[in-house]
$ cat work-v2.csv   # CSV, C-alpha atoms
chain,number,residue,atom,x,y,z
C,1,MET,CA,58.8,-24.1,-35.9
C,2,PRO,CA,60.1,-25.9,-32.8
C,3,VAL,CA,62.4,-29.0,-33.2
C,4,LEU,CA,60.7,-31.8,-31.4
C,5,GLN,CA,63.7,-34.1,-31.3
C,6,THR,CA,67.3,-33.0,-31.6
C,7,THR,CA,68.7,-36.6,-31.4
C,8,LYS,CA,70.7,-38.0,-34.3
C,9,HIS,CA,68.0,-40.6,-34.9
C,10,PRO,CA,64.5,-39.2,-34.4
C,11,THR,CA,61.5,-41.5,-34.1
C,12,LEU,CA,57.8,-40.9,-34.4
C,13,PRO,CA,56.0,-40.7,-31.1
C,14,ALA,CA,53.2,-43.3,-30.4
C,15,SER,CA,49.8,-42.0,-31.3
C,16,THR,CA,46.2,-43.1,-30.9
C,17,TYR,CA,45.1,-41.1,-34.0
C,18,ALA,CA,42.3,-43.1,-35.6
C,19,GLY,CA,41.6,-40.9,-38.7
C,20,SER,CA,42.7,-41.2,-42.3
C,21,ALA,CA,45.9,-40.1,-44.0
C,22,ALA,CA,47.2,-40.0,-47.6
C,23,ILE,CA,50.2,-42.3,-48.1
C,24,TYR,CA,53.0,-41.2,-50.4
C,25,VAL,CA,55.7,-43.7,-51.5
C,26,HIS,CA,58.8,-42.4,-53.1
C,27,TRP,CA,60.8,-44.3,-55.7
C,28,PRO,CA,64.0,-42.2,-56.2
C,29,PHE,CA,65.5,-43.7,-59.3
C,30,CYS,CA,65.4,-42.6,-63.0
C,31,LEU,CA,67.1,-43.7,-66.2
C,32,LYS,CA,68.1,-40.1,-66.8
C,33,LYS,CA,67.8,-36.9,-64.8
C,34,CYS,CA,65.7,-34.4,-66.7
C,35,PRO,CA,67.3,-30.9,-67.0
C,36,TYR,CA,64.2,-29.1,-65.5
C,37,CYS,CA,63.7,-31.5,-62.6
C,38,ASP,CA,64.5,-30.5,-59.0
C,39,PHE,CA,62.8,-33.6,-57.4
C,40,ASN,CA,64.8,-36.1,-55.3
C,41,SER,CA,65.6,-38.3,-58.3
C,42,HIS,CA,68.8,-40.2,-59.0
C,43,VAL,CA,70.4,-42.3,-61.8
C,44,ARG,CA,72.0,-45.6,-60.7
C,45,ASP,CA,73.5,-48.4,-62.8
C,46,THR,CA,72.0,-51.1,-60.6
C,47,VAL,CA,69.2,-51.2,-58.1
C,48,SER,CA,68.4,-54.2,-55.8
C,49,HIS,CA,64.6,-54.4,-56.0
C,50,THR,CA,64.6,-57.0,-53.2
C,51,ASP,CA,66.5,-54.7,-50.9
C,52,TRP,CA,64.3,-51.7,-51.7
C,53,CYS,CA,61.0,-53.7,-51.4
C,54,SER,CA,62.1,-54.9,-48.0
C,55,ALA,CA,63.2,-51.4,-46.9
C,56,LEU,CA,59.9,-49.8,-47.9
C,57,ILE,CA,57.9,-52.4,-46.1
C,58,ASN,CA,60.1,-51.9,-43.0
C,59,GLU,CA,59.5,-48.2,-43.1
C,60,ILE,CA,55.8,-48.6,-43.4
C,61,ASN,CA,55.8,-51.1,-40.5
C,62,ASN,CA,57.9,-48.8,-38.3
C,63,THR,CA,55.5,-45.9,-38.9
C,64,ALA,CA,52.4,-48.1,-38.4
C,65,ASN,CA,53.8,-49.3,-35.0
C,66,ASN,CA,53.5,-45.7,-33.8
C,67,PHE,CA,50.3,-44.9,-35.7
C,68,PRO,CA,48.5,-48.2,-35.6
C,69,ASN,CA,44.9,-46.9,-35.8
C,70,LEU,CA,45.3,-44.8,-38.9
C,71,LYS,CA,43.4,-45.6,-42.1
C,72,ALA,CA,44.8,-45.2,-45.6
C,73,LYS,CA,42.9,-42.5,-47.5
C,74,SER,CA,44.9,-42.8,-50.7
C,75,ILE,CA,48.2,-44.3,-51.9
C,76,PHE,CA,50.5,-42.5,-54.4
C,77,PHE,CA,53.7,-43.9,-55.9
C,78,GLY,CA,55.8,-40.9,-57.0
C,79,GLY,CA,59.4,-40.3,-57.9
C,80,GLY,CA,61.8,-40.4,-59.6
C,81,THR,CA,60.2,-42.9,-61.9
C,82,PRO,CA,57.9,-45.4,-60.1
C,83,SER,CA,57.3,-47.2,-63.4
C,84,LEU,CA,60.8,-48.6,-63.0
C,85,MET,CA,59.6,-50.5,-59.9
C,86,GLU,CA,59.0,-54.2,-60.3
C,87,PRO,CA,55.2,-54.8,-60.2
C,88,GLU,CA,55.8,-57.4,-57.4
C,89,THR,CA,57.3,-54.6,-55.3
C,90,VAL,CA,54.3,-52.4,-55.9
C,91,ALA,CA,52.0,-55.2,-55.0
C,92,GLU,CA,53.8,-56.0,-51.7
C,93,VAL,CA,53.9,-52.3,-50.7
C,94,ILE,CA,50.1,-51.9,-51.4
C,95,ASN,CA,49.4,-55.1,-49.5
C,96,ILE,CA,51.3,-54.0,-46.4
C,97,ILE,CA,49.6,-50.6,-46.4
C,98,ARG,CA,46.2,-52.3,-46.6
C,99,LYS,CA,47.2,-54.7,-43.8
C,100,ARG,CA,48.6,-52.0,-41.4
C,101,TRP,CA,46.3,-49.1,-42.3
C,102,ALA,CA,43.1,-50.8,-43.5
C,103,PRO,CA,41.2,-48.3,-45.7
C,104,GLU,CA,37.5,-47.8,-45.5
C,105,GLY,CA,36.3,-49.2,-48.8
C,106,ASP,CA,38.0,-48.6,-52.1
C,107,ILE,CA,40.8,-46.1,-52.2
C,108,GLU,CA,42.6,-44.3,-55.0
C,109,ILE,CA,46.0,-45.8,-55.7
C,110,THR,CA,48.1,-43.9,-58.2
C,111,LEU,CA,51.4,-44.6,-59.9
C,112,GLU,CA,53.4,-42.1,-61.9
C,113,ALA,CA,54.7,-43.7,-65.2
C,114,ASN,CA,56.9,-42.7,-68.0
C,115,PRO,CA,55.6,-43.6,-71.5
C,116,SER,CA,58.6,-45.6,-72.8
C,117,SER,CA,57.7,-48.9,-74.5
C,118,VAL,CA,59.4,-50.9,-71.8
C,119,GLU,CA,57.5,-49.2,-69.0
C,120,ALA,CA,54.2,-49.3,-70.9
C,121,GLY,CA,54.7,-53.1,-71.0
C,122,ARG,CA,54.3,-53.1,-67.2
C,123,PHE,CA,51.0,-51.2,-67.1
C,124,ARG,CA,48.8,-54.3,-67.0
C,125,ALA,CA,51.0,-55.9,-64.3
C,126,TYR,CA,50.6,-52.7,-62.2
C,127,LYS,CA,46.8,-53.0,-62.5
C,128,ALA,CA,47.0,-56.5,-61.2
C,129,ALA,CA,49.2,-55.3,-58.4
C,130,GLY,CA,46.5,-53.0,-57.2
C,131,ILE,CA,47.1,-49.7,-59.0
C,132,ASN,CA,43.7,-48.1,-60.1
C,133,ARG,CA,44.9,-44.7,-61.4
C,134,LEU,CA,47.9,-44.0,-63.7
C,135,SER,CA,49.6,-40.7,-64.3
C,136,VAL,CA,51.7,-40.6,-67.4
C,137,GLY,CA,54.5,-38.1,-67.8
C,138,ILE,CA,54.2,-37.3,-71.5
C,139,GLN,CA,55.3,-33.6,-71.2
C,140,SER,CA,55.0,-32.8,-74.9
C,141,LEU,CA,53.6,-34.1,-78.1
C,142,ASP,CA,56.5,-32.6,-80.1
C,143,ASP,CA,59.7,-34.7,-80.6
C,144,ASN,CA,61.9,-31.6,-80.8
C,145,VAL,CA,60.5,-30.3,-77.5
C,146,LEU,CA,60.9,-33.7,-75.9
C,147,THR,CA,64.6,-33.7,-76.8
C,148,PHE,CA,65.0,-30.2,-75.3
C,149,LEU,CA,63.3,-31.4,-72.1
C,150,GLY,CA,65.7,-34.3,-71.9
C,151,ARG,CA,63.0,-37.0,-72.2
C,152,LEU,CA,63.9,-40.5,-73.4
C,153,HIS,CA,60.6,-41.2,-75.2
C,154,SER,CA,59.2,-39.9,-78.5
C,155,ALA,CA,55.8,-38.5,-79.1
C,156,ASP,CA,54.8,-41.7,-80.9
C,157,GLU,CA,55.9,-43.8,-78.0
C,158,ALA,CA,53.9,-41.5,-75.7
C,159,LEU,CA,50.7,-41.9,-77.6
C,160,LYS,CA,51.1,-45.7,-77.8
C,161,ALA,CA,51.7,-45.8,-74.0
C,162,LEU,CA,48.7,-43.6,-73.4
C,163,LYS,CA,46.5,-46.0,-75.4
C,164,VAL,CA,47.8,-48.9,-73.3
C,165,ALA,CA,47.1,-47.0,-70.1
C,166,GLN,CA,43.5,-46.2,-71.3
C,167,ASP,CA,42.9,-49.8,-72.3
C,168,ASN,CA,43.9,-51.0,-68.8
C,169,PHE,CA,42.8,-48.2,-66.4
C,170,GLU,CA,39.5,-46.3,-66.0
C,171,ARG,CA,41.3,-43.4,-64.4
C,172,VAL,CA,44.2,-42.0,-66.5
C,173,SER,CA,46.0,-38.6,-66.3
C,174,PHE,CA,48.9,-37.2,-68.2
C,175,ASP,CA,51.3,-34.3,-67.8
C,176,LEU,CA,52.3,-31.6,-70.3
C,177,ILE,CA,54.7,-28.7,-69.9
C,178,TYR,CA,54.0,-25.4,-71.6
C,179,ALA,CA,55.3,-21.8,-71.6
C,180,ARG,CA,58.4,-23.3,-73.2
C,181,PRO,CA,61.1,-21.3,-75.1
C,182,GLN,CA,59.8,-19.9,-78.4
C,183,GLN,CA,56.3,-21.4,-77.8
C,184,SER,CA,53.5,-19.2,-79.3
C,185,VAL,CA,49.9,-19.1,-78.2
C,186,ALA,CA,49.0,-20.7,-81.5
C,187,ASP,CA,51.5,-23.5,-81.0
C,188,TRP,CA,50.1,-24.3,-77.5
C,189,SER,CA,46.5,-24.0,-78.7
C,190,ASN,CA,47.1,-26.8,-81.3
C,191,GLU,CA,49.0,-29.0,-78.9
C,192,LEU,CA,46.5,-28.7,-76.1
C,193,LYS,CA,43.5,-29.3,-78.4
C,194,GLU,CA,45.2,-32.5,-79.6
C,195,ALA,CA,45.8,-33.5,-75.9
C,196,LEU,CA,42.2,-32.9,-75.1
C,197,SER,CA,41.1,-35.0,-78.0
C,198,PHE,CA,42.5,-38.2,-76.3
C,199,GLY,CA,39.6,-38.2,-73.8
C,200,THR,CA,41.5,-38.6,-70.5
C,201,ASN,CA,39.6,-37.5,-67.4
C,202,HIS,CA,42.5,-35.6,-65.8
C,203,LEU,CA,45.3,-33.4,-67.1
C,204,SER,CA,48.2,-31.8,-65.3
C,205,LEU,CA,49.4,-28.8,-67.2
C,206,TYR,CA,52.5,-27.0,-65.8
C,207,GLN,CA,54.2,-23.9,-67.0
C,208,LEU,CA,58.0,-24.5,-67.3
C,209,THR,CA,59.8,-23.0,-64.3
C,210,ILE,CA,63.5,-22.7,-63.8
C,211,GLU,CA,64.5,-24.2,-60.5
C,212,GLU,CA,67.8,-23.5,-58.8
C,213,GLY,CA,70.2,-26.4,-58.9
C,214,THR,CA,68.9,-27.9,-62.1
C,215,ALA,CA,70.7,-28.2,-65.4
C,216,PHE,CA,68.2,-25.7,-66.9
C,217,TYR,CA,69.0,-23.2,-64.2
C,218,HIS,CA,72.6,-23.0,-65.3
C,219,GLN,CA,71.7,-23.0,-69.0
C,220,PHE,CA,69.2,-20.2,-68.4
C,221,LYS,CA,71.7,-18.1,-66.5
C,222,ARG,CA,74.2,-18.4,-69.3
C,223,GLY,CA,71.5,-17.3,-71.8
C,224,LYS,CA,71.2,-20.6,-73.6
C,225,PHE,CA,67.4,-20.1,-73.9
C,226,LYS,CA,64.7,-17.6,-72.9
C,227,LEU,CA,61.2,-18.2,-71.6
C,228,PRO,CA,58.1,-16.5,-72.9
C,229,ASP,CA,57.7,-13.0,-71.6
C,230,GLU,CA,55.2,-12.1,-68.9
C,231,ASN,CA,52.4,-11.2,-71.4
C,232,THR,CA,52.8,-14.3,-73.4
C,233,ALA,CA,52.9,-16.5,-70.3
C,234,ALA,CA,49.7,-14.9,-69.1
C,235,ALA,CA,48.0,-15.5,-72.5
C,236,LEU,CA,49.1,-19.1,-72.5
C,237,PHE,CA,47.6,-19.5,-69.0
C,238,GLU,CA,44.3,-17.9,-70.0
C,239,LEU,CA,44.1,-20.1,-73.1
C,240,THR,CA,44.7,-23.2,-71.0
C,241,GLN,CA,41.8,-22.3,-68.7
C,242,GLU,CA,39.5,-21.5,-71.7
C,243,LEU,CA,40.2,-24.7,-73.7
C,244,THR,CA,40.1,-27.1,-70.8
C,245,SER,CA,36.8,-25.6,-69.5
C,246,LYS,CA,35.3,-25.9,-73.0
C,247,ALA,CA,36.4,-29.6,-73.1
C,248,GLY,CA,34.8,-30.3,-69.7
C,249,LEU,CA,38.0,-30.5,-67.7
C,250,PRO,CA,38.1,-27.2,-65.8
C,251,ALA,CA,40.9,-26.3,-63.4
C,252,TYR,CA,40.3,-27.5,-59.9
C,253,GLU,CA,43.8,-26.5,-58.9
C,254,ILE,CA,46.1,-24.0,-60.6
C,255,SER,CA,47.8,-26.6,-62.8
C,256,ASN,CA,45.4,-29.5,-62.6
C,257,HIS,CA,42.2,-30.1,-64.7
C,258,ALA,CA,39.6,-32.8,-64.4
C,259,LYS,CA,36.2,-33.9,-65.3
C,260,PRO,CA,33.7,-33.8,-62.3
C,261,ASP,CA,34.6,-36.3,-59.6
C,262,GLU,CA,37.9,-37.2,-61.3
C,263,GLU,CA,40.1,-34.9,-59.2
C,264,SER,CA,43.2,-36.5,-57.7
C,265,LEU,CA,42.0,-37.3,-54.2
C,266,HIS,CA,45.6,-37.8,-53.0
C,267,ASN,CA,46.7,-34.4,-54.0
C,268,LEU,CA,43.6,-32.8,-52.7
C,269,ALA,CA,44.6,-34.2,-49.3
C,270,TYR,CA,47.8,-32.1,-49.5
C,271,TRP,CA,46.0,-29.0,-50.7
C,272,GLN,CA,43.2,-29.2,-48.1
C,273,GLY,CA,45.6,-29.6,-45.2
C,274,ASP,CA,44.7,-33.2,-44.4
C,275,PRO,CA,47.2,-35.6,-42.7
C,276,TYR,CA,49.7,-37.4,-45.0
C,277,ILE,CA,52.7,-39.8,-44.6
C,278,GLY,CA,55.9,-39.8,-46.6
C,279,ILE,CA,57.6,-43.1,-47.1
C,280,GLY,CA,61.0,-43.4,-49.0
C,281,PRO,CA,64.0,-41.1,-49.6
C,282,GLY,CA,63.3,-37.4,-49.2
C,283,ALA,CA,59.6,-38.0,-48.6
C,284,HIS,CA,57.8,-35.5,-46.2
C,285,GLY,CA,54.7,-35.9,-44.2
C,286,ARG,CA,52.3,-34.2,-41.7
C,287,LEU,CA,50.8,-36.4,-39.0
C,288,PRO,CA,48.4,-35.2,-36.2
C,289,GLY,CA,50.0,-34.2,-32.9
C,290,SER,CA,48.5,-34.7,-29.5
C,291,LYS,CA,46.8,-31.2,-29.4
C,292,HIS,CA,44.1,-30.0,-31.7
C,293,GLY,CA,45.5,-28.7,-35.0
C,294,GLU,CA,49.2,-29.6,-34.2
C,295,ALA,CA,51.2,-31.8,-36.6
C,296,PHE,CA,54.3,-33.8,-36.6
C,297,ALA,CA,56.3,-32.7,-39.7
C,298,HIS,CA,58.6,-35.5,-40.7
C,299,ALA,CA,61.1,-35.9,-43.5
C,300,GLN,CA,63.1,-38.9,-44.6
C,301,ILE,CA,66.8,-39.0,-45.5
C,302,LYS,CA,67.2,-37.8,-49.1
C,303,ARG,CA,70.2,-39.8,-50.5
C,304,PRO,CA,68.9,-43.2,-51.5
C,305,GLU,CA,71.8,-45.2,-50.2
C,306,ASP,CA,71.9,-43.4,-46.9
C,307,TRP,CA,68.1,-43.9,-46.5
C,308,LEU,CA,68.4,-47.6,-47.2
C,309,LYS,CA,71.3,-48.0,-44.8
C,310,ALA,CA,69.4,-46.3,-42.1
C,311,VAL,CA,66.3,-48.4,-42.5
C,312,VAL,CA,68.4,-51.6,-42.4
C,313,SER,CA,70.4,-50.5,-39.4
C,314,ARG,CA,67.7,-48.8,-37.2
C,315,GLY,CA,64.4,-49.6,-38.9
C,316,THR,CA,63.6,-46.1,-40.2
C,317,GLY,CA,65.0,-43.6,-42.6
C,318,LEU,CA,63.5,-40.7,-40.7
C,319,GLU,CA,65.9,-37.7,-40.6
C,320,THR,CA,63.9,-34.8,-39.1
C,321,LEU,CA,60.9,-34.5,-36.8
C,322,GLU,CA,59.3,-31.2,-35.9
C,323,LEU,CA,56.2,-30.2,-34.0
C,324,ILE,CA,54.2,-27.6,-35.9
C,325,ASN,CA,51.7,-25.6,-33.7
C,326,ASN,CA,48.1,-25.2,-34.9
C,327,GLU,CA,48.6,-21.6,-36.2
C,328,ASP,CA,51.6,-22.5,-38.3
C,329,ARG,CA,49.8,-25.6,-39.6
C,330,ALA,CA,46.7,-23.4,-40.4
C,331,ALA,CA,48.9,-21.0,-42.3
C,332,GLU,CA,50.4,-23.9,-44.3
C,333,ALA,CA,46.9,-25.0,-45.2
C,334,ILE,CA,46.1,-21.5,-46.5
C,335,LEU,CA,49.2,-21.5,-48.7
C,336,THR,CA,48.2,-24.8,-50.2
C,337,GLY,CA,44.4,-24.3,-50.2
C,338,LEU,CA,44.5,-21.1,-52.2
C,339,ARG,CA,46.0,-23.2,-55.1
C,340,LEU,CA,42.5,-24.7,-55.4
C,341,LYS,CA,39.9,-23.1,-57.6
C,342,ALA,CA,37.3,-23.6,-54.8
C,343,GLY,CA,39.7,-22.0,-52.3
C,344,ILE,CA,39.4,-22.5,-48.6
C,345,ASN,CA,36.2,-23.5,-46.7
C,346,ILE,CA,36.8,-21.4,-43.6
C,347,GLU,CA,34.4,-23.5,-41.4
C,348,SER,CA,36.2,-26.7,-42.3
C,349,TRP,CA,39.6,-25.0,-41.9
C,350,HIS,CA,38.6,-23.8,-38.4
C,351,GLN,CA,37.5,-27.2,-37.4
C,352,LYS,CA,40.8,-28.7,-38.4
C,353,PHE,CA,43.1,-26.2,-36.8
C,354,GLY,CA,41.0,-24.3,-34.2
C,355,CYS,CA,42.4,-20.9,-35.3
C,356,ASN,CA,40.8,-17.6,-36.0
C,357,PHE,CA,41.3,-16.4,-39.6
C,358,GLU,CA,42.4,-13.0,-38.5
C,359,ASP,CA,45.2,-14.6,-36.5
C,360,VAL,CA,46.8,-16.1,-39.6
C,361,ILE,CA,45.8,-13.7,-42.4
C,362,ASP,CA,47.0,-10.1,-43.0
C,363,LEU,CA,43.6,-8.4,-42.9
C,364,ASN,CA,44.8,-5.2,-44.5
C,365,ALA,CA,46.3,-7.1,-47.4
C,366,LEU,CA,43.1,-9.1,-47.7
C,367,ALA,CA,40.9,-6.0,-47.9
C,368,SER,CA,43.2,-4.5,-50.6
C,369,LEU,CA,43.2,-7.7,-52.7
C,370,GLN,CA,39.5,-8.0,-52.4
C,371,GLN,CA,39.0,-4.4,-53.6
C,372,SER,CA,41.3,-5.0,-56.5
C,373,ASP,CA,39.3,-8.2,-57.4
C,374,HIS,CA,42.2,-10.6,-56.9
C,375,VAL,CA,40.4,-12.6,-54.1
C,376,LYS,CA,36.9,-13.5,-53.2
C,377,PHE,CA,36.2,-13.5,-49.5
C,378,SER,CA,33.0,-14.3,-47.6
C,379,THR,CA,33.4,-13.7,-43.8
C,380,GLY,CA,33.4,-17.0,-42.0
C,381,LYS,CA,32.6,-19.0,-45.1
C,382,SER,CA,35.3,-19.0,-47.9
C,383,LEU,CA,38.4,-17.4,-49.4
C,384,ALA,CA,39.5,-18.0,-52.9
C,385,LEU,CA,41.4,-16.4,-55.7
C,386,THR,CA,39.5,-14.9,-58.6
C,387,ASP,CA,40.4,-15.6,-62.2
C,388,LYS,CA,42.4,-12.4,-62.2
C,389,GLY,CA,44.2,-13.5,-59.1
C,390,LEU,CA,45.1,-17.1,-60.0
C,391,PRO,CA,48.1,-16.2,-62.3
C,392,LEU,CA,49.5,-14.1,-59.4
C,393,LEU,CA,49.2,-16.9,-56.9
C,394,ASN,CA,52.7,-16.6,-55.4
C,395,PHE,CA,52.6,-12.9,-55.1
C,396,ILE,CA,49.2,-13.0,-53.4
C,397,LEU,CA,50.3,-15.7,-50.9
C,398,GLY,CA,53.3,-13.5,-50.0
C,399,LYS,CA,50.9,-10.7,-49.2
C,400,LEU,CA,48.3,-12.7,-47.3
C,401,VAL,CA,50.3,-14.9,-45.0
C,402,ALA,CA,53.3,-13.5,-43.2

$ encode --input "work-v2.csv" --output "structure tokens"
Amino acid sequence: MPVLQTTKHPTLPASTYAGSAAIYVHWPFCLKKCPYCDFNSHVRDTVSHTDWCSALINEINNTANNFPNLKAKSIFFGGGTPSLMEPETVAEVINIIRKRWAPEGDIEITLEANPSSVEAGRFRAYKAAGINRLSVGIQSLDDNVLTFLGRLHSADEALKALKVAQDNFERVSFDLIYARPQQSVADWSNELKEALSFGTNHLSLYQLTIEEGTAFYHQFKRGKFKLPDENTAAALFELTQELTSKAGLPAYEISNHAKPDEESLHNLAYWQGDPYIGIGPGAHGRLPGSKHGEAFAHAQIKRPEDWLKAVVSRGTGLETLELINNEDRAAEAILTGLRLKAGINIESWHQKFGCNFEDVIDLNALASLQQSDHVKFSTGKSLALTDKGLPLLNFILGKLVA
């Protein structure tokens, strides 16, 4: 991937791109770092919401000065813990995005929230600020598991917060983590059935993974706990697909389940290879280049204080800027697109990137995986993983895309 600018302070080039893009806004602060989390999140004793509101607005304005004709496809406040943001900050960020990148009609505006009683008290104010979709990080319905996961809320708090969310928002999702130490298929069956009984239109269900650099990584290496074996993990995954499908929330992505027309439009933009902008510490983005299929890959400075200082001093927290050619961008879109149950629409993929499928895919590996019933392939039309292939996603991606 060629480096577009090697200067110490890169800047986005001016562009006449007039299409849409998903807008991601990163709030990097948490009350506590969860032991499984490898996201760009930080604990600070004090945070100046005035300074951070101003910096986020300045970063949006700086980006919009170079991409003035873009239209906001969706807005997503992620973190960290965005439900620690002042509702006034959320409102001002939404307003400046609408002003600079006027959306076509109503758009999905999501905020990730923790279910503590303090944060749940802000839910109504977030709706007034312009949020129309809430994603609640419940993670488990068992107090002992919540303690193990390092969460600060109880199961009772989580359910009360979920009720507040459903009373205020038509679109509510929540997260659960499964495939935890000593978790049986029966345990997960009971917990997931309870979760499905709450009637939300979207669920994000993640198997616990051990990421390098996290507290869990070091505990796991020292043998402090074990994860379910491969057969149990596979059984847990199959049960998840079965129960969510029966409840009318089938998987549309490997870890995400929704009722029809309730999929996360923002995340679909990532998975389908559409343009997106990252605003805030450590945020990444892909914006169209001057040639068909190319993209400017941009990343913001990770450490919050360094990002804030850069925005104040030079108007942007941009750290790296790279130009991705159309073939590399097309390959990225395959890696993300195969996470989707529907897979990749090859005609649409070709229109976006102008590539031939055989230039990006290992055709021998594709033929082998098709024969073994791990992928479904229709020449010139679609490529998707089968039910047999979905649990082996990472292995299959490594085979298909060099």

$ residues_near_point --input "work-v2.csv" --point "(40.3, -49.5, -54.6)" --cutoff "12 Å" --atoms "only C-alpha atoms" --output "PDB file with C-alpha atoms, keeping the file's coordinate frame"
ATOM      1  CA  ALA C  72      44.800 -45.200 -45.600  1.00  0.00           C
ATOM      2  CA  LYS C  73      42.900 -42.500 -47.500  1.00  0.00           C
ATOM      3  CA  SER C  74      44.900 -42.800 -50.700  1.00  0.00           C
ATOM      4  CA  ILE C  75      48.200 -44.300 -51.900  1.00  0.00           C
ATOM      5  CA  ILE C  94      50.100 -51.900 -51.400  1.00  0.00           C
ATOM      6  CA  ASN C  95      49.400 -55.100 -49.500  1.00  0.00           C
ATOM      7  CA  ARG C  98      46.200 -52.300 -46.600  1.00  0.00           C
ATOM      8  CA  ALA C 102      43.100 -50.800 -43.500  1.00  0.00           C
ATOM      9  CA  PRO C 103      41.200 -48.300 -45.700  1.00  0.00           C
ATOM     10  CA  GLU C 104      37.500 -47.800 -45.500  1.00  0.00           C
ATOM     11  CA  GLY C 105      36.300 -49.200 -48.800  1.00  0.00           C
ATOM     12  CA  ASP C 106      38.000 -48.600 -52.100  1.00  0.00           C
ATOM     13  CA  ILE C 107      40.800 -46.100 -52.200  1.00  0.00           C
ATOM     14  CA  GLU C 108      42.600 -44.300 -55.000  1.00  0.00           C
ATOM     15  CA  ILE C 109      46.000 -45.800 -55.700  1.00  0.00           C
ATOM     16  CA  THR C 110      48.100 -43.900 -58.200  1.00  0.00           C
ATOM     17  CA  LYS C 127      46.800 -53.000 -62.500  1.00  0.00           C
ATOM     18  CA  ALA C 128      47.000 -56.500 -61.200  1.00  0.00           C
ATOM     19  CA  ALA C 129      49.200 -55.300 -58.400  1.00  0.00           C
ATOM     20  CA  GLY C 130      46.500 -53.000 -57.200  1.00  0.00           C
ATOM     21  CA  ILE C 131      47.100 -49.700 -59.000  1.00  0.00           C
ATOM     22  CA  ASN C 132      43.700 -48.100 -60.100  1.00  0.00           C
ATOM     23  CA  ARG C 133      44.900 -44.700 -61.400  1.00  0.00           C
ATOM     24  CA  GLU C 170      39.500 -46.300 -66.000  1.00  0.00           C
ATOM     25  CA  ARG C 171      41.300 -43.400 -64.400  1.00  0.00           C
TER      26      ARG C 171
END

$ closest_residue --input "work-v2.csv" --among "C:Ile210, C:Leu308, C:Val401, C:Leu149" --to "Thr336 of chain C" --atoms "all atoms listed in the file"
C:Val401

$ closest_atom_pairs --input "work-v2.csv" --of "segment 35-91 of chain C" --to "segment 302-305 of chain C" --cutoff "12 Å" --atoms "all atoms listed in the file" --output "Markdown table"
| residue | atom | partner | partner_atom | distance |
| --- | --- | --- | --- | --- |
| C:Phe39 | CA | C:Lys302 | CA | 10.3 |
| C:Asn40 | CA | C:Lys302 | CA | 6.9 |
| C:Ser41 | CA | C:Pro304 | CA | 9.0 |
| C:His42 | CA | C:Pro304 | CA | 8.1 |
| C:Val43 | CA | C:Pro304 | CA | 10.4 |
| C:Arg44 | CA | C:Pro304 | CA | 10.0 |
| C:Thr46 | CA | C:Glu305 | CA | 12.0 |
| C:Val47 | CA | C:Glu305 | CA | 10.3 |
| C:Ser48 | CA | C:Glu305 | CA | 11.1 |
| C:Asp51 | CA | C:Glu305 | CA | 10.9 |
| C:Trp52 | CA | C:Pro304 | CA | 9.7 |
| C:Ala55 | CA | C:Pro304 | CA | 11.0 |
| C:Leu56 | CA | C:Pro304 | CA | 11.7 |
| C:Gly79 | CA | C:Pro304 | CA | 11.8 |
| C:Gly80 | CA | C:Pro304 | CA | 11.1 |

$ atom_distance --input "work-v2.csv" --atom1 "atom CA of Asp328 of chain C" --atom2 "atom CA of Asn394 of chain C"
18.1 Å

$ residues_around --input "work-v2.csv" --residues "Leu397 of chain C" --least-positions-apart "6" --cutoff "10 Å" --atoms "all atoms listed in the file" --output "PDB file with C-alpha atoms, keeping the file's coordinate frame"
ATOM      1  CA  ILE C 334      46.100 -21.500 -46.500  1.00  0.00           C
ATOM      2  CA  LEU C 335      49.200 -21.500 -48.700  1.00  0.00           C
ATOM      3  CA  THR C 336      48.200 -24.800 -50.200  1.00  0.00           C
ATOM      4  CA  LEU C 338      44.500 -21.100 -52.200  1.00  0.00           C
ATOM      5  CA  ARG C 339      46.000 -23.200 -55.100  1.00  0.00           C
ATOM      6  CA  ILE C 361      45.800 -13.700 -42.400  1.00  0.00           C
TER       7      ILE C 361
END

$ closest_residue --input "work-v2.csv" --among "C:Asn190, C:Pro260, C:Phe169, C:Asn267" --to "Gly78 of chain C" --atoms "only C-alpha atoms"
C:Asn267

$ atom_distance --input "work-v2.csv" --atom1 "atom CA of Phe198 of chain C" --atom2 "atom CA of Cys30 of chain C"
26.8 Å

$ closest_residue --input "work-v2.csv" --among "C:Asp38, C:Leu31, C:Leu70, C:Ser245" --to "Tyr217 of chain C" --atoms "all atoms listed in the file"
C:Asp38

$ build_atoms --input "work-v2.csv" --residues "segment 380-384 of chain C" --atoms "N, CA and C atoms" --output "mmCIF file, in the coordinates of the input"
data_model
loop_
_atom_site.group_PDB
_atom_site.id
_atom_site.type_symbol
_atom_site.label_atom_id
_atom_site.label_comp_id
_atom_site.auth_asym_id
_atom_site.auth_seq_id
_atom_site.Cartn_x
_atom_site.Cartn_y
_atom_site.Cartn_z
ATOM 1 N N GLY C 380 33.751 -15.809 -42.645
ATOM 2 C CA GLY C 380 33.400 -17.000 -42.000
ATOM 3 C C GLY C 380 33.009 -18.187 -42.894
ATOM 4 N N LYS C 381 33.055 -17.964 -44.218
ATOM 5 C CA LYS C 381 32.600 -19.000 -45.100
ATOM 6 C C LYS C 381 33.723 -19.471 -46.092
ATOM 7 N N SER C 382 34.293 -18.556 -46.884
ATOM 8 C CA SER C 382 35.300 -19.000 -47.900
ATOM 9 C C SER C 382 36.223 -17.897 -48.287
ATOM 10 N N LEU C 383 37.379 -18.331 -48.772
ATOM 11 C CA LEU C 383 38.400 -17.400 -49.400
ATOM 12 C C LEU C 383 38.952 -18.138 -50.581
ATOM 13 N N ALA C 384 38.960 -17.453 -51.712
ATOM 14 C CA ALA C 384 39.500 -18.000 -52.900
ATOM 15 C C ALA C 384 40.064 -16.936 -53.829
#
